[in-house]
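Below is one structure, written out as structure tokens, with a few remarks after it.
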Amino acid sequence: MTDSFSQTAKGKAEFAAKPGKLTTGLKTLLGMISDKATVADLKSKLPQVPADKITAAVNRLVSDGYLQRITAPEMVASGGDNDLDFTRFISRPVKEPSLQQKRQAEATMAGFRSSKKAGFHVSIINRPEQRILPNAGGSKYTVLLIEADDANALVMARALLLANFDTRTASKRDEIIAELNKKPPADAIVMDTALPEVGGLELLARLREHPSYKATPIIVVTTTNERDDVVAALAYGASGFMSKPLKPESLLDGVKAVLGH
């Protein structure tokens, strides 16, 4: 099975930038790939270009961070695209963070002062260099709220809707699976770590292993300010964190930050 490629957040930002950093040829190739394409797809669109040049250009875009490679085993390990359905994917074994990831999380937390106040701030660790484009096109972003408490979900959804975001919500296992299977995927996720039917950190780890959510900005919400909880979330790939009770203005600032605003 042939590998396929898709734009990263950096790639989407570069394609939207005018004029951007890439040459016209590379930028045109980047636009042809969008959500997913193989080298064979590109060859059919560019029959006049030698195959080795297309391959070399794609590899350069990957090495520069504009594209991500989706390897064949990752897509068809045990059943093709069906294996990427979250009905199955949500039950996959979770990989423990590497020692390097744990050390990076510890180093990141070393720069923050602890606080006993709930909702004390939103800390965004990974900010994109340029604005991320909405997956659905246009100018409106969709935020998926995975939150066990209905009252908190309502507060978050209301704040985001008033700020002109589209929102989707889920709390139970079947709801989470249904929302994660929707296309196009949400542009950002705000998720509780204390979920009744799905382990929050385990879900975060699986999202980071899934091709559709590897690069999606994810803010985790913790019920406490315990340092170990936050370090674990960062090690599993969280883009940022905040603690309850949520402050609507802080939530908006965090979501905008992870989207590059």
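Residue numbering restarts at 1 in every chain; chains get A, B, ... in the order shown in the structure tokens, and ligands count up from 1 in that same order.
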**Q.** Test item: residues at most 6 Å from Glu147 (chain A), only C-alpha atoms, excluding those fewer than 4 positions along its chain, as a list in words
**A.**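 My reading of the contact set: Ala153, Ser171, Met191 and Asp192 of chain A.
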Q: Go through region 23-244 of chain A and collect every residue that DSSP, computed from the backbone, puts in alpha helix (DSSP H); the answer should be as a ChimeraX atom specification.
A: /A:24-33,39-45,51-63,72-76,86-89,99-109,150-162,173-180,200-209,227-235
Q.
What's the separation between CA of Pro217 (chain A) and CA of Ala188 (chain A), in Å to one decimal place?
A.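 Spanning CA of Pro217 (chain A) to CA of Ala188 (chain A) is a straight-line distance of 4.9 Å.
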Q.
Taking only C-alpha atoms into account, name the residue in A:Ala9, A:Val198, A:Leu246, A:Val231 that is nearest to Asn135 (chain A).
A.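 The shortest atom-to-atom distance to Asn135 (chain A) comes from A:Ala9.
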Q.
Would you compute the distance between CA of Met32 (chain A) and CA of Leu259 (chain A)? Give it in Å to one decimal.
A. 22.7 Å
(Q) Under the rule that only C-alpha atoms are counted, which of A:Leu22, A:Glu202, A:Phe165, A:Ile218 is the nearest residue to Pro93 (chain A)? (A) A:Glu202
Q | A:Ile177, A:Val155, A:Ala37, A:Ala257 ranked by distance to Arg206 (chain A), top pick (using only C-alpha atoms) | A |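 Using only C-alpha atoms, Arg206 (chain A) sits closest to A:Ile177.
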Q.
Given only C-alpha atoms as the basis, pick out the residue of A:Ala105, A:Ala151, A:Leu61, A:Leu160 nearest to Ala233 (chain A).
A.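 Of A:Ala105, A:Ala151, A:Leu61, A:Leu160, the one nearest Ala233 (chain A) is A:Ala105, counting only C-alpha atoms.
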Q: List the neighbours of Ala159 (chain A) out to 9 Å using only C-alpha atoms; skip same-chain residues closer than 6 positions along the sequence, and give me the result as a list in words.
A: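 In the requested format, the answer is Phe165, Pro248, Glu249, Leu251 and Leu252 of chain A.
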Q: Check the smallest atom-to-atom distance from each of A:Lys102, A:Arg88, A:Lys36, A:Arg227 to Leu180 (chain A) using only C-alpha atoms, then report the winner.
A: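 Of the candidates, the smallest distance to Leu180 (chain A) is held by A:Arg88.
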Q | Option closest in space to Asp253 (chain A), from A:Leu67, A:Gly31, A:Lys183, A:Ala163 [counting only C-alpha atoms] | A |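 The answer is A:Ala163, which sits nearest to Asp253 (chain A).
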Q.
So that I can check the surroundings of Leu195 (chain A), please list as a list of chain:residue names every protein, DNA and RNA residue that reaches within 12 Å of it, counting only C-alpha atoms and ignoring chain neighbours fewer than 3 positions away.
A.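 Counting only the stated atoms, we get A:Ile146, A:Glu147, A:Ala148, A:Asp149, A:Asp150, A:Ala170, A:Ser171, A:Lys172, A:Arg173, A:Ile176, A:Met191, A:Asp192, A:Val198, A:Gly199, A:Gly200, A:Leu201, A:Glu202, A:Leu203, A:Leu204, A:Val220, A:Val221, A:Thr222, A:Thr223.
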File dump, residues just selected, N, CA and C atoms, as a PDB file, in the first residue's frame:
```pdb
ATOM      1  N   ILE A 146     -15.298  18.182  24.759  1.00  0.00           N
ATOM      2  CA  ILE A 146     -15.484  16.873  25.384  1.00  0.00           C
ATOM      3  C   ILE A 146     -15.480  17.110  26.885  1.00  0.00           C
ATOM      4  N   GLU A 147     -16.663  17.166  27.469  1.00  0.00           N
ATOM      5  CA  GLU A 147     -16.825  17.620  28.839  1.00  0.00           C
ATOM      6  C   GLU A 147     -17.886  16.781  29.544  1.00  0.00           C
ATOM      7  N   ALA A 148     -17.535  16.254  30.719  1.00  0.00           N
ATOM      8  CA  ALA A 148     -18.447  15.380  31.456  1.00  0.00           C
ATOM      9  C   ALA A 148     -19.563  16.144  32.151  1.00  0.00           C
ATOM     10  N   ASP A 149     -19.311  17.387  32.524  1.00  0.00           N
ATOM     11  CA  ASP A 149     -20.282  18.190  33.262  1.00  0.00           C
ATOM     12  C   ASP A 149     -21.109  19.032  32.293  1.00  0.00           C
ATOM     13  N   ASP A 150     -22.431  18.788  32.264  1.00  0.00           N
ATOM     14  CA  ASP A 150     -23.300  19.498  31.321  1.00  0.00           C
ATOM     15  C   ASP A 150     -23.285  21.006  31.541  1.00  0.00           C
ATOM     16  N   ALA A 170     -19.672  16.541  23.467  1.00  0.00           N
ATOM     17  CA  ALA A 170     -19.777  15.107  23.743  1.00  0.00           C
ATOM     18  C   ALA A 170     -19.318  14.861  25.169  1.00  0.00           C
ATOM     19  N   SER A 171     -19.934  13.885  25.819  1.00  0.00           N
ATOM     20  CA  SER A 171     -19.530  13.537  27.185  1.00  0.00           C
ATOM     21  C   SER A 171     -19.418  12.035  27.376  1.00  0.00           C
ATOM     22  N   LYS A 172     -20.338  11.281  26.799  1.00  0.00           N
ATOM     23  CA  LYS A 172     -20.332   9.825  26.934  1.00  0.00           C
ATOM     24  C   LYS A 172     -19.538   9.191  25.803  1.00  0.00           C
ATOM     25  N   ARG A 173     -19.137   7.949  26.029  1.00  0.00           N
ATOM     26  CA  ARG A 173     -18.280   7.232  25.088  1.00  0.00           C
ATOM     27  C   ARG A 173     -18.851   7.230  23.673  1.00  0.00           C
ATOM     28  N   ILE A 176     -18.669  10.682  22.094  1.00  0.00           N
ATOM     29  CA  ILE A 176     -17.295  11.046  21.748  1.00  0.00           C
ATOM     30  C   ILE A 176     -16.883  10.363  20.452  1.00  0.00           C
ATOM     31  N   MET A 191     -10.912  19.451  26.072  1.00  0.00           N
ATOM     32  CA  MET A 191     -11.376  18.198  26.669  1.00  0.00           C
ATOM     33  C   MET A 191     -11.081  18.087  28.157  1.00  0.00           C
ATOM     34  N   ASP A 192     -12.056  17.552  28.860  1.00  0.00           N
ATOM     35  CA  ASP A 192     -11.934  17.267  30.284  1.00  0.00           C
ATOM     36  C   ASP A 192     -11.039  16.041  30.453  1.00  0.00           C
ATOM     37  N   VAL A 198     -14.510   7.170  29.525  1.00  0.00           N
ATOM     38  CA  VAL A 198     -13.271   7.135  28.748  1.00  0.00           C
ATOM     39  C   VAL A 198     -12.198   7.858  29.550  1.00  0.00           C
ATOM     40  N   GLY A 199     -11.055   7.238  29.729  1.00  0.00           N
ATOM     41  CA  GLY A 199      -9.971   7.908  30.428  1.00  0.00           C
ATOM     42  C   GLY A 199      -9.487   9.110  29.626  1.00  0.00           C
ATOM     43  N   GLY A 200      -9.468  10.289  30.252  1.00  0.00           N
ATOM     44  CA  GLY A 200      -9.117  11.505  29.541  1.00  0.00           C
ATOM     45  C   GLY A 200      -7.721  11.471  28.942  1.00  0.00           C
ATOM     46  N   LEU A 201      -6.724  11.077  29.729  1.00  0.00           N
ATOM     47  CA  LEU A 201      -5.358  11.034  29.230  1.00  0.00           C
ATOM     48  C   LEU A 201      -5.188   9.960  28.162  1.00  0.00           C
ATOM     49  N   GLU A 202      -5.874   8.837  28.348  1.00  0.00           N
ATOM     50  CA  GLU A 202      -5.804   7.766  27.353  1.00  0.00           C
ATOM     51  C   GLU A 202      -6.420   8.230  26.026  1.00  0.00           C
ATOM     52  N   LEU A 203      -7.523   8.968  26.115  1.00  0.00           N
ATOM     53  CA  LEU A 203      -8.140   9.492  24.900  1.00  0.00           C
ATOM     54  C   LEU A 203      -7.208  10.485  24.215  1.00  0.00           C
ATOM     55  N   LEU A 204      -6.574  11.336  24.991  1.00  0.00           N
ATOM     56  CA  LEU A 204      -5.615  12.292  24.437  1.00  0.00           C
ATOM     57  C   LEU A 204      -4.495  11.558  23.698  1.00  0.00           C
ATOM     58  N   VAL A 220      -6.462  20.724  27.385  1.00  0.00           N
ATOM     59  CA  VAL A 220      -7.038  19.848  28.401  1.00  0.00           C
ATOM     60  C   VAL A 220      -7.492  20.678  29.597  1.00  0.00           C
ATOM     61  N   VAL A 221      -8.585  20.235  30.192  1.00  0.00           N
ATOM     62  CA  VAL A 221      -9.151  20.909  31.357  1.00  0.00           C
ATOM     63  C   VAL A 221      -9.032  19.969  32.548  1.00  0.00           C
ATOM     64  N   THR A 222      -8.364  20.417  33.591  1.00  0.00           N
ATOM     65  CA  THR A 222      -8.174  19.584  34.776  1.00  0.00           C
ATOM     66  C   THR A 222      -9.062  20.060  35.907  1.00  0.00           C
ATOM     67  N   THR A 223      -9.431  19.143  36.790  1.00  0.00           N
ATOM     68  CA  THR A 223     -10.274  19.498  37.936  1.00  0.00           C
ATOM     69  C   THR A 223      -9.460  20.031  39.094  1.00  0.00           C
TER      70      THR A 223
END
```
Q. Quick one: distance from CA of Val190 (chain A) to CA of Ile219 (chain A) in Å, one decimal?
A. 4.8 Å
Q: Would you list the contacts of Arg92 (chain A) as a list in words, taking every protein, DNA or RNA residue within 12 Å and counting only C-alpha atoms, but skipping same-chain residues closer than 5 positions in sequence?
A: Ser78, Asp83, Leu84, Asp85, Phe86, Thr87, Glu202, Leu203, Ala205, Arg206, Leu207, Glu209 and His210 of chain A
Export of prior selection with C-alpha atoms as a PDB file, in the first residue's frame:
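Wrote result_29.pdb, looks like this:
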```
ATOM      1  CA  SER A  78      -5.929  -4.351  10.588  1.00  0.00           C
ATOM      2  CA  ASP A  83      -9.240   0.749  11.493  1.00  0.00           C
ATOM      3  CA  LEU A  84      -9.305   4.548  11.786  1.00  0.00           C
ATOM      4  CA  ASP A  85     -12.948   4.515  12.862  1.00  0.00           C
ATOM      5  CA  PHE A  86     -12.973   5.594  16.506  1.00  0.00           C
ATOM      6  CA  THR A  87     -15.336   2.750  17.348  1.00  0.00           C
ATOM      7  CA  GLU A 202      -5.804   7.766  27.353  1.00  0.00           C
ATOM      8  CA  LEU A 203      -8.140   9.492  24.900  1.00  0.00           C
ATOM      9  CA  ALA A 205      -2.899   9.736  23.676  1.00  0.00           C
ATOM     10  CA  ARG A 206      -5.100   7.994  21.090  1.00  0.00           C
ATOM     11  CA  LEU A 207      -5.961  11.304  19.434  1.00  0.00           C
ATOM     12  CA  GLU A 209      -1.837   8.607  17.303  1.00  0.00           C
ATOM     13  CA  HIS A 210      -4.726   9.158  14.873  1.00  0.00           C
TER      14      HIS A 210
END
```
